[in-house]
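Data file: coords-v5.txt. Format and content: compact mmCIF, C-alpha atoms and all ligand atoms.
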# COMPACT_ATOMS: atom_id res chain seq x y z
CA MET F 1 111.72 97.90 79.74
CA PRO F 2 114.95 96.01 79.03
CA LEU F 3 114.78 92.31 78.34
CA THR F 4 116.24 89.96 80.91
CA PRO F 5 115.38 86.34 80.13
CA ASN F 6 116.62 84.79 83.38
CA HIS F 7 116.70 87.31 86.15
CA PRO F 8 117.32 85.88 89.62
CA TRP F 9 114.01 86.82 91.22
CA ARG F 10 111.93 84.67 88.94
CA ASP F 11 109.37 82.53 90.78
CA ARG F 12 111.12 82.85 94.09
CA LEU F 13 108.19 81.34 96.01
CA PRO F 14 108.17 77.53 96.00
CA LYS F 15 105.01 75.45 95.95
CA ALA F 16 104.64 72.97 98.80
CA PRO F 17 102.24 70.45 100.28
CA LEU F 18 99.94 71.40 103.15
CA ASP F 19 101.59 70.52 106.45
CA LEU F 20 98.44 69.83 108.45
CA GLU F 21 100.18 68.34 111.48
CA SER F 22 101.61 71.69 112.54
CA THR F 23 98.25 73.30 111.76
CA ALA F 24 96.51 70.73 113.99
CA GLN F 25 98.98 71.45 116.79
CA LYS F 26 98.55 75.21 116.53
CA THR F 27 94.76 75.27 116.19
CA GLY F 28 93.61 72.13 118.03
CA VAL F 29 91.36 71.04 115.14
CA GLN F 30 90.15 67.43 115.43
CA SER F 31 86.96 66.48 113.64
CA VAL F 32 86.07 66.69 109.95
CA PHE F 33 83.77 69.60 110.83
CA ASP F 34 86.68 71.47 112.50
CA TRP F 35 88.77 71.01 109.37
CA ILE F 36 85.93 72.14 107.10
CA GLU F 37 85.56 75.31 109.15
CA LEU F 38 89.29 75.92 109.02
CA PHE F 39 89.56 75.36 105.26
CA ASN F 40 86.54 77.58 104.67
CA GLY F 41 88.48 80.41 106.29
CA PHE F 42 91.35 79.86 103.87
CA GLN F 43 89.48 79.35 100.59
CA ALA F 44 91.40 82.18 98.99
CA GLU F 45 94.70 80.43 99.67
CA LEU F 46 93.69 77.07 98.27
CA PRO F 47 94.44 76.24 94.63
CA GLU F 48 91.64 76.64 92.09
CA PRO F 49 88.80 74.05 92.13
CA TYR F 50 89.82 70.67 90.63
CA ALA F 51 93.54 71.36 91.15
CA GLU F 52 95.24 68.67 93.21
CA ILE F 53 96.09 69.74 96.75
CA ASP F 54 99.11 67.93 98.09
CA VAL F 55 98.68 67.05 101.76
CA LEU F 56 101.64 65.93 103.82
CA ASP F 57 100.96 62.46 105.27
CA GLY F 58 100.49 62.24 109.05
CA PRO F 59 98.05 61.30 111.83
CA HIS F 60 95.52 64.06 110.90
CA ALA F 61 95.86 63.75 107.14
CA ASP F 62 92.97 61.32 106.49
CA VAL F 63 90.41 63.41 108.37
CA ALA F 64 91.67 66.62 106.75
CA CYS F 65 91.47 65.02 103.29
CA GLU F 66 87.90 63.94 104.00
CA ALA F 67 87.08 67.55 104.86
CA LEU F 68 88.71 68.78 101.65
CA ARG F 69 86.77 66.25 99.57
CA SER F 70 83.50 67.32 101.16
CA LEU F 71 84.38 70.88 100.04
CA LYS F 72 84.70 69.44 96.49
CA ARG F 73 88.48 69.78 96.64
CA ASN F 74 90.93 67.24 95.33
CA PRO F 75 93.50 66.22 97.98
CA ARG F 76 96.45 63.89 97.37
CA LEU F 77 98.57 62.41 100.16
CA VAL F 78 102.30 62.95 99.74
CA ARG F 79 105.28 61.94 101.87
CA PHE F 80 107.55 64.95 101.78
CA ALA F 81 109.04 66.44 104.91
CA GLY F 82 110.91 69.65 105.62
CA VAL F 83 108.45 72.32 104.45
CA ASP F 84 106.44 74.71 106.52
CA MET F 85 103.01 75.93 105.54
CA ALA F 86 103.61 79.56 106.37
CA GLY F 87 106.76 79.82 104.28
CA ASN F 88 105.47 78.24 101.11
CA ARG F 89 102.99 79.21 98.48
CA LEU F 90 99.98 76.97 97.94
CA TRP F 91 98.60 78.35 94.70
CA ASN F 92 99.62 78.04 91.05
CA VAL F 93 101.15 81.16 89.64
CA ASN F 94 99.21 82.95 86.96
CA PRO F 95 101.04 81.75 83.77
CA VAL F 96 100.72 85.16 82.10
CA LEU F 97 102.58 86.83 84.96
CA LYS F 98 105.34 84.23 84.83
CA GLU F 99 105.77 84.88 81.13
CA ILE F 100 105.88 88.66 81.62
CA ALA F 101 108.39 88.32 84.46
CA ARG F 102 110.57 86.17 82.20
CA HIS F 103 110.99 89.07 79.79
CA VAL F 104 111.24 92.27 81.81
CA TYR F 105 113.11 93.62 84.79
CA PRO F 106 110.91 94.14 87.86
CA GLY F 107 109.66 97.71 88.19
CA THR F 108 106.46 99.25 89.50
CA ALA F 109 103.17 97.36 89.06
CA LEU F 110 99.52 98.26 89.60
CA ASP F 111 97.00 95.43 90.16
CA LEU F 112 93.49 96.78 89.52
CA GLY F 113 90.75 94.68 91.15
CA CYS F 114 93.42 92.61 92.89
CA GLY F 115 91.00 90.27 94.71
CA ALA F 116 92.78 88.25 97.40
CA GLY F 117 96.08 89.50 96.01
CA ARG F 118 97.78 86.39 94.66
CA ASP F 119 99.18 88.18 91.61
CA ALA F 120 100.24 91.16 93.71
CA VAL F 121 102.00 88.99 96.29
CA TRP F 122 103.76 86.91 93.65
CA LEU F 123 104.98 90.03 91.85
CA ALA F 124 106.19 91.57 95.13
CA ALA F 125 108.06 88.41 96.03
CA ASN F 126 109.67 88.51 92.61
CA GLY F 127 111.10 91.99 92.91
CA TRP F 128 108.23 94.27 91.83
CA GLU F 129 107.04 97.27 93.80
CA VAL F 130 103.30 96.68 93.79
CA THR F 131 100.21 98.79 94.34
CA ALA F 132 97.07 96.63 94.71
CA VAL F 133 93.54 98.07 94.56
CA ASP F 134 90.23 96.47 95.45
CA ARG F 135 86.98 97.83 96.80
CA LEU F 136 86.33 94.94 99.21
CA GLU F 137 87.80 95.21 102.67
CA SER F 138 87.78 91.40 103.06
CA ASN F 139 89.99 91.06 99.97
CA ILE F 140 92.46 93.65 101.20
CA GLU F 141 92.56 91.79 104.53
CA THR F 142 93.35 88.49 102.78
CA LEU F 143 96.01 90.21 100.71
CA ARG F 144 97.63 91.48 103.89
CA LYS F 145 97.66 87.94 105.32
CA LEU F 146 99.09 86.51 102.10
CA ARG F 147 101.80 89.12 102.05
CA GLN F 148 102.66 88.44 105.68
CA ALA F 149 102.99 84.73 104.91
CA TYR F 150 104.73 84.85 101.54
CA ALA F 151 106.38 88.22 100.94
CA GLU F 152 106.81 89.76 104.35
CA ASN F 153 109.69 92.06 103.47
CA ASP F 154 108.56 93.02 100.00
CA PRO F 155 106.76 96.28 99.32
CA ILE F 156 103.03 96.18 98.54
CA HIS F 157 100.98 99.31 98.81
CA TRP F 158 97.31 98.32 99.13
CA VAL F 159 94.40 100.63 98.53
CA GLN F 160 90.76 99.97 99.33
CA ALA F 161 88.97 101.97 96.66
CA ASN F 162 86.33 101.88 93.98
CA LEU F 163 87.98 101.88 90.54
CA HIS F 164 85.35 104.35 89.35
CA GLU F 165 86.82 106.90 91.75
CA TYR F 166 90.44 105.80 92.02
CA PRO F 167 93.05 108.30 90.85
CA PRO F 168 96.49 106.59 90.57
CA GLU F 169 99.19 108.85 91.95
CA HIS F 170 101.74 108.01 89.26
CA ASP F 171 102.32 105.78 86.21
CA PHE F 172 103.52 102.17 86.33
CA ASN F 173 105.78 99.82 84.35
CA LEU F 174 103.12 97.12 84.48
CA VAL F 175 99.36 97.38 84.97
CA LEU F 176 97.15 94.31 85.54
CA LEU F 177 93.45 94.12 84.80
CA HIS F 178 92.87 90.46 85.60
CA PHE F 179 89.36 88.99 85.71
CA CYS F 180 87.96 92.41 86.41
CA TRP F 181 86.93 93.37 82.89
CA ASP F 182 85.03 96.55 82.19
CA PRO F 183 85.70 99.05 79.38
CA GLN F 184 85.84 101.87 81.95
CA TYR F 185 88.50 100.09 83.98
CA PHE F 186 90.42 99.51 80.74
CA GLU F 187 90.47 103.29 80.15
CA LEU F 188 91.78 103.77 83.71
CA ALA F 189 94.40 101.04 83.22
CA LYS F 190 95.64 102.59 79.95
CA SER F 191 95.90 106.01 81.53
CA CYS F 192 98.51 104.92 84.06
CA VAL F 193 100.95 102.84 81.98
CA LYS F 194 104.39 104.41 81.57
CA PRO F 195 105.83 104.80 78.06
CA GLN F 196 107.16 101.35 77.01
CA GLY F 197 105.23 99.87 79.96
CA LEU F 198 102.95 96.84 79.73
CA LEU F 199 99.24 96.34 80.28
CA SER F 200 98.00 92.80 80.88
CA VAL F 201 94.30 92.05 80.51
CA LEU F 202 92.80 88.68 81.42
CA ALA F 203 89.09 87.97 81.15
CA HIS F 204 86.55 85.29 80.38
CA SER F 205 86.08 84.63 76.68
CA SER F 206 82.94 84.22 74.59
CA THR F 207 83.80 80.48 74.42
CA HIS F 208 83.51 80.33 78.20
CA VAL F 209 80.07 81.87 78.06
CA ARG F 210 78.93 79.48 75.34
CA CYS F 211 80.03 76.54 77.50
CA PHE F 212 78.92 77.73 80.92
CA ALA F 213 76.24 80.35 80.23
CA GLY F 214 78.01 82.99 82.35
CA PRO F 215 79.39 85.41 83.43
CA ARG F 216 77.10 88.03 81.93
CA SER F 217 78.07 89.47 78.57
CA ALA F 218 79.36 92.78 80.00
CA LYS F 219 82.21 90.84 81.64
CA ILE F 220 83.36 89.14 78.44
CA LEU F 221 86.41 90.34 76.61
CA VAL F 222 86.53 90.46 72.82
CA PRO F 223 90.27 90.81 72.12
CA GLU F 224 89.78 92.92 68.96
CA SER F 225 88.13 95.61 71.07
CA LEU F 226 91.47 96.29 72.81
CA LYS F 227 93.21 97.64 69.70
CA THR F 228 93.80 101.17 70.80
CA GLU F 229 95.77 104.24 69.83
CA GLY F 230 99.11 104.64 71.57
CA PHE F 231 99.44 100.92 72.36
CA GLU F 232 100.75 97.90 70.48
CA VAL F 233 99.15 94.51 71.09
CA LEU F 234 102.12 92.24 71.90
CA CYS F 235 100.15 89.02 72.19
CA THR F 236 96.64 87.65 72.30
CA GLU F 237 96.09 84.13 73.54
CA GLU F 238 93.14 82.02 74.55
CA HIS F 239 93.48 79.32 77.19
CA TRP F 240 91.51 76.59 78.85
CA ALA F 241 92.44 76.36 82.52
CA ARG F 242 90.39 73.60 84.08
CA ASP F 243 86.93 75.12 84.51
CA ARG F 244 87.43 78.38 82.63
CA HIS F 245 88.24 79.59 79.16
CA PHE F 246 89.85 82.98 79.09
CA VAL F 247 91.50 85.54 76.88
CA SER F 248 94.86 87.05 77.67
CA VAL F 249 96.01 90.24 75.93
CA VAL F 250 99.29 92.01 76.65
CA LEU F 251 99.72 95.54 75.29
CA GLN F 252 102.73 97.82 75.31
CA ARG F 253 102.49 101.58 75.42
CA HIS F 254 104.44 103.46 72.72
C1 LIG F 301 87.17 87.99 89.92
S1 LIG F 301 88.07 88.98 91.03
C2 LIG F 301 89.67 88.93 90.29
C3 LIG F 301 90.77 89.07 91.28
C4 LIG F 301 92.19 89.03 90.73
N1 LIG F 301 92.45 90.13 89.81
C5 LIG F 301 92.49 87.71 90.06
O1 LIG F 301 92.74 87.66 88.85
O2 LIG F 301 92.49 86.69 90.76
C6 LIG F 301 87.53 90.62 90.63
C7 LIG F 301 87.92 91.63 91.69
O3 LIG F 301 87.69 92.94 91.22
C8 LIG F 301 87.17 93.72 92.27
N2 LIG F 301 86.40 94.83 91.69
C9 LIG F 301 85.37 94.74 90.81
N3 LIG F 301 84.89 95.97 90.53
C10 LIG F 301 85.61 96.85 91.29
C11 LIG F 301 85.58 98.27 91.45
N4 LIG F 301 84.70 99.04 90.81
N5 LIG F 301 86.47 98.82 92.28
C12 LIG F 301 87.37 98.06 92.95
N6 LIG F 301 87.44 96.72 92.85
C13 LIG F 301 86.58 96.12 92.02
C14 LIG F 301 86.31 92.76 93.08
O4 LIG F 301 86.12 93.19 94.40
C15 LIG F 301 87.11 91.47 92.97
O5 LIG F 301 87.98 91.31 94.05
As structure tokens, what does this structure read like?
Amino acid sequence: MPLTPNHPWRDRLPKAPLDLESTAQKTGVQSVFDWIELFNGFQAELPEPYAEIDVLDGPHADVACEALRSLKRNPRLVRFAGVDMAGNRLWNVNPVLKEIARHVYPGTALDLGCGAGRDAVWLAANGWEVTAVDRLESNIETLRKLRQAYAENDPIHWVQANLHEYPPEHDFNLVLLHFCWDPQYFELAKSCVKPQGLLSVLAHSSTHVRCFAGPRSAKILVPESLKTEGFEVLCTEEHWARDRHFVSVVLQRH
């Protein structure tokens, strides 16, 4: 893929505070319990635990913040008008994706085990033609909602399938295996990267397990195990991100 350090699509989705006044008007929520119920339905859209959630100040803000705190979230009141909740992204972009998008032109991407689809939606909104696969119907449903809210006109092809039985129809410029580590899925991911294409693997590290006693060892990535014929390891990094320590490996197919 050609290098393009500053292409115009980069990080097209802004991050914005929650505008709870319009939410209150649309949904009629009043009490702390109403807000808790509402936030529970949108867990997948909230930032990761411990991240600050900016809440636009207004008559409902205090009650909504109380609800967020009781869900162990970290709200912060801000005075900032002129944003609408539906048009703005609420989560932090995966830093590995931002770095990849800084260096390559958008092409086709495959997100294996896409979860609620944040990576897929961000890529689509930044010019990529995305195929997103997950076995859980509820995740595909959330992905559809996210796409509707944040990347309505951008192509995402979603597939509800088990990766053990999923045959990709063609090869991709970029394949993601993010927090869905399994050696078998890695074989699948490798098999559908185009020549010169990239494969990004993110997974919990052994440091994470030492600190938190989970997830189980089968889900842990040892970066050295990814050295594989036909691919060059472009970078291996380890990161702390609040409550997790993870390994990021980006490979390029010859
Ligand atoms: C921890 S989530 C990661 C989601 C997303 N990739 C991310 O980084 O936020 C793992 C996802 O992989 C999916 N998954 C795990 N095994 C799968 C399989 N065999 N087939 C399809 N999806 C699978 C799960 O349903 C879940 O949504």
Determine, using all atoms listed in the file, which residues of chain F have any atom at most 6 Å from an atom of ligand LIG 301 (chain F), and tabulate each with its shortest atom pair and distance in Å to one decimal place, rows ordered by chain and then rising number, as JSON lines.
{"residue": "F:Gly113", "atom": "CA", "partner": "F:LIG301", "partner_atom": "O3", "distance": 3.5}
{"residue": "F:Cys114", "atom": "CA", "partner": "F:LIG301", "partner_atom": "N1", "distance": 4.1}
{"residue": "F:Gly115", "atom": "CA", "partner": "F:LIG301", "partner_atom": "O5", "distance": 3.3}
{"residue": "F:Asp134", "atom": "CA", "partner": "F:LIG301", "partner_atom": "N6", "distance": 3.8}
{"residue": "F:Arg135", "atom": "CA", "partner": "F:LIG301", "partner_atom": "C12", "distance": 3.9}
{"residue": "F:Leu136", "atom": "CA", "partner": "F:LIG301", "partner_atom": "O4", "distance": 5.1}
{"residue": "F:Ala161", "atom": "CA", "partner": "F:LIG301", "partner_atom": "C12", "distance": 5.6}
{"residue": "F:Asn162", "atom": "CA", "partner": "F:LIG301", "partner_atom": "N5", "distance": 3.5}
{"residue": "F:Leu163", "atom": "CA", "partner": "F:LIG301", "partner_atom": "N5", "distance": 3.8}
{"residue": "F:His164", "atom": "CA", "partner": "F:LIG301", "partner_atom": "N4", "distance": 5.5}
{"residue": "F:His178", "atom": "CA", "partner": "F:LIG301", "partner_atom": "N1", "distance": 4.2}
{"residue": "F:Phe179", "atom": "CA", "partner": "F:LIG301", "partner_atom": "C2", "distance": 4.6}
{"residue": "F:Cys180", "atom": "CA", "partner": "F:LIG301", "partner_atom": "C6", "distance": 4.6}
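Minimum atom-to-atom distance to Pro223 of chain F, evaluated using all atoms listed in the file, belongs to F:Trp181 out of F:Trp181, F:Tyr50, F:Trp240, F:Tyr166.
When all atoms listed in the file are used to measure the gap to Thr207 of chain F, the shortest distance among F:Asp62, F:Asp243, F:Asp182, F:Glu229 belongs to F:Asp243.
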Exercise for review: Show which residues sit within 10 Å of Ala67 of chain F, as JSON, numbers by chain. Count all atoms listed in the file, and ignore same-chain residues fewer than 3 positions away.
Suggested key: {"F": [31, 32, 33, 34, 35, 36, 37, 38, 39, 61, 62, 63, 64, 70, 71, 72, 73, 75]}
Okay, now the selection with C-alpha atoms, as a compact mmCIF listing (two decimals), keeping the file's coordinate frame?
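Okay, again.txt is ready:
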# COMPACT_ATOMS: atom_id res chain seq x y z
CA SER F 31 86.96 66.48 113.64
CA VAL F 32 86.07 66.69 109.95
CA PHE F 33 83.77 69.60 110.83
CA ASP F 34 86.68 71.47 112.50
CA TRP F 35 88.77 71.01 109.37
CA ILE F 36 85.93 72.14 107.10
CA GLU F 37 85.56 75.31 109.15
CA LEU F 38 89.29 75.92 109.02
CA PHE F 39 89.56 75.36 105.26
CA ALA F 61 95.86 63.75 107.14
CA ASP F 62 92.97 61.32 106.49
CA VAL F 63 90.41 63.41 108.37
CA ALA F 64 91.67 66.62 106.75
CA SER F 70 83.50 67.32 101.16
CA LEU F 71 84.38 70.88 100.04
CA LYS F 72 84.70 69.44 96.49
CA ARG F 73 88.48 69.78 96.64
CA PRO F 75 93.50 66.22 97.98
Using all atoms listed in the file, tabulate the residues of segment 160-222 of chain F lying at most 12 Å from any atom of segment 119-126 of chain F, each with its closest atom pair and that distance in Å to one decimal, by chain and increasing residue number, as a Markdown table.
| residue | atom | partner | partner_atom | distance |
| --- | --- | --- | --- | --- |
| F:Leu174 | CA | F:Leu123 | CA | 10.4 |
| F:Val175 | CA | F:Ala120 | CA | 10.8 |
| F:Leu176 | CA | F:Asp119 | CA | 8.9 |
| F:Leu177 | CA | F:Asp119 | CA | 10.7 |
| F:His178 | CA | F:Asp119 | CA | 9.0 |
| F:Phe179 | CA | F:Asp119 | CA | 11.5 |
| F:Ser200 | CA | F:Asp119 | CA | 11.7 |
**Study point:** Best match for closeness to Gly41 of chain F among F:Trp158, F:Ser138, F:Tyr105, F:Glu237, counting only C-alpha atoms
**Key:** F:Ser138
Review point. For Ala213 of chain F, which residue among F:Arg244, F:Val96, F:Gly230, F:Pro106 is the nearest when counting all atoms listed in the file?
Key: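 Counting all atoms listed in the file, the residue closest to Ala213 of chain F is F:Arg244.
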Check your understanding: Which residues, written as a list in words, have at least one atom at most 12 Å from Pro95 of chain F, with all atoms listed in the file counted and residues fewer than 3 positions away on the same chain left out?
Key -> Asp11, Trp91, Asn92, Lys98, Glu99, Ile100, Ala101, Arg102, Asp119, Trp122, Ser200, Leu202, Glu237, His239, Trp240, Ala241 and Ser248 of chain F
Review point. Interatomic distance between atom CA of Arg144 of chain F and atom CA of Gln160 of chain F?
Key: 11.8 Å
Practice item. Give me, please, the distance in Å between atom CA of Leu110 of chain F and atom CA of Ile53 of chain F, quoted to one decimal. Key: 29.6 Å
Practice item. Go ahead and compute the interatomic distance for atom CA of Pro17 of chain F and atom CA of Arg118 of chain F, in Å to one decimal. Key: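 Computing it gives 17.5 Å between the two atoms.
Using only C-alpha atoms, the nearest neighbour of Leu68 of chain F within the list F:Glu224, F:Cys235, F:Lys26, F:Leu20 is F:Leu20.
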Practice item. May I have the protein, DNA and RNA residues with an atom at most 10 Å from (100.7, 88.5, 102.2), counting all atoms listed in the file in the file's coordinates, returned as a PyMOL selection string? Key: chain F and resi 116-118+120-122+124-125+140-154+156
Residues just named, written with C-alpha atoms as an mmCIF file, in the frame of the given file:
data_model
loop_
_atom_site.group_PDB
_atom_site.id
_atom_site.type_symbol
_atom_site.label_atom_id
_atom_site.label_comp_id
_atom_site.auth_asym_id
_atom_site.auth_seq_id
_atom_site.Cartn_x
_atom_site.Cartn_y
_atom_site.Cartn_z
ATOM 1 C CA ALA F 116 92.780 88.250 97.400
ATOM 2 C CA GLY F 117 96.080 89.500 96.010
ATOM 3 C CA ARG F 118 97.780 86.390 94.660
ATOM 4 C CA ALA F 120 100.240 91.160 93.710
ATOM 5 C CA VAL F 121 102.000 88.990 96.290
ATOM 6 C CA TRP F 122 103.760 86.910 93.650
ATOM 7 C CA ALA F 124 106.190 91.570 95.130
ATOM 8 C CA ALA F 125 108.060 88.410 96.030
ATOM 9 C CA ILE F 140 92.460 93.650 101.200
ATOM 10 C CA GLU F 141 92.560 91.790 104.530
ATOM 11 C CA THR F 142 93.350 88.490 102.780
ATOM 12 C CA LEU F 143 96.010 90.210 100.710
ATOM 13 C CA ARG F 144 97.630 91.480 103.890
ATOM 14 C CA LYS F 145 97.660 87.940 105.320
ATOM 15 C CA LEU F 146 99.090 86.510 102.100
ATOM 16 C CA ARG F 147 101.800 89.120 102.050
ATOM 17 C CA GLN F 148 102.660 88.440 105.680
ATOM 18 C CA ALA F 149 102.990 84.730 104.910
ATOM 19 C CA TYR F 150 104.730 84.850 101.540
ATOM 20 C CA ALA F 151 106.380 88.220 100.940
ATOM 21 C CA GLU F 152 106.810 89.760 104.350
ATOM 22 C CA ASN F 153 109.690 92.060 103.470
ATOM 23 C CA ASP F 154 108.560 93.020 100.000
ATOM 24 C CA ILE F 156 103.030 96.180 98.540
#
Need a file for segment 23-68 of chain F from that block: C-alpha atoms, written as a compact mmCIF listing (two decimals), in the first residue's frame.
# COMPACT_ATOMS: atom_id res chain seq x y z
CA THR F 23 -31.85 12.71 25.21
CA ALA F 24 -34.14 13.61 28.14
CA GLN F 25 -36.54 15.35 25.76
CA LYS F 26 -36.64 12.43 23.33
CA THR F 27 -36.93 9.64 25.90
CA GLY F 28 -38.69 11.28 28.87
CA VAL F 29 -36.14 9.94 31.37
CA GLN F 30 -36.35 11.60 34.80
CA SER F 31 -35.04 9.67 37.78
CA VAL F 32 -31.57 8.27 38.46
CA PHE F 33 -33.04 4.81 37.87
CA ASP F 34 -34.34 5.87 34.42
CA TRP F 35 -30.88 7.14 33.51
CA ILE F 36 -29.20 3.96 34.76
CA GLU F 37 -31.52 1.89 32.60
CA LEU F 38 -30.82 4.09 29.60
CA PHE F 39 -27.03 4.03 30.05
CA ASN F 40 -27.12 0.26 30.54
CA GLY F 41 -28.60 -0.01 27.06
CA PHE F 42 -25.71 1.98 25.63
CA GLN F 43 -22.76 0.44 27.48
CA ALA F 44 -21.08 -0.40 24.20
CA GLU F 45 -21.08 3.25 23.17
CA LEU F 46 -19.61 4.59 26.39
CA PRO F 47 -15.85 5.07 26.68
CA GLU F 48 -13.84 2.38 28.46
CA PRO F 49 -14.15 2.14 32.29
CA TYR F 50 -12.25 4.92 34.13
CA ALA F 51 -12.21 7.18 31.05
CA GLU F 52 -13.75 10.58 31.72
CA ILE F 53 -17.17 11.04 30.15
CA ASP F 54 -17.86 14.66 29.32
CA VAL F 55 -21.47 15.59 30.04
CA LEU F 56 -22.94 18.80 28.70
CA ASP F 57 -24.21 20.93 31.60
CA GLY F 58 -27.99 21.40 31.86
CA PRO F 59 -31.05 20.78 34.06
CA HIS F 60 -30.75 16.94 33.83
CA ALA F 61 -26.98 16.76 34.05
CA ASP F 62 -26.63 16.25 37.83
CA VAL F 63 -29.06 13.32 37.96
CA ALA F 64 -27.50 11.75 34.86
CA CYS F 65 -24.01 12.12 36.36
CA GLU F 66 -25.21 10.44 39.55
CA ALA F 67 -26.46 7.54 37.44
CA LEU F 68 -23.13 7.31 35.61
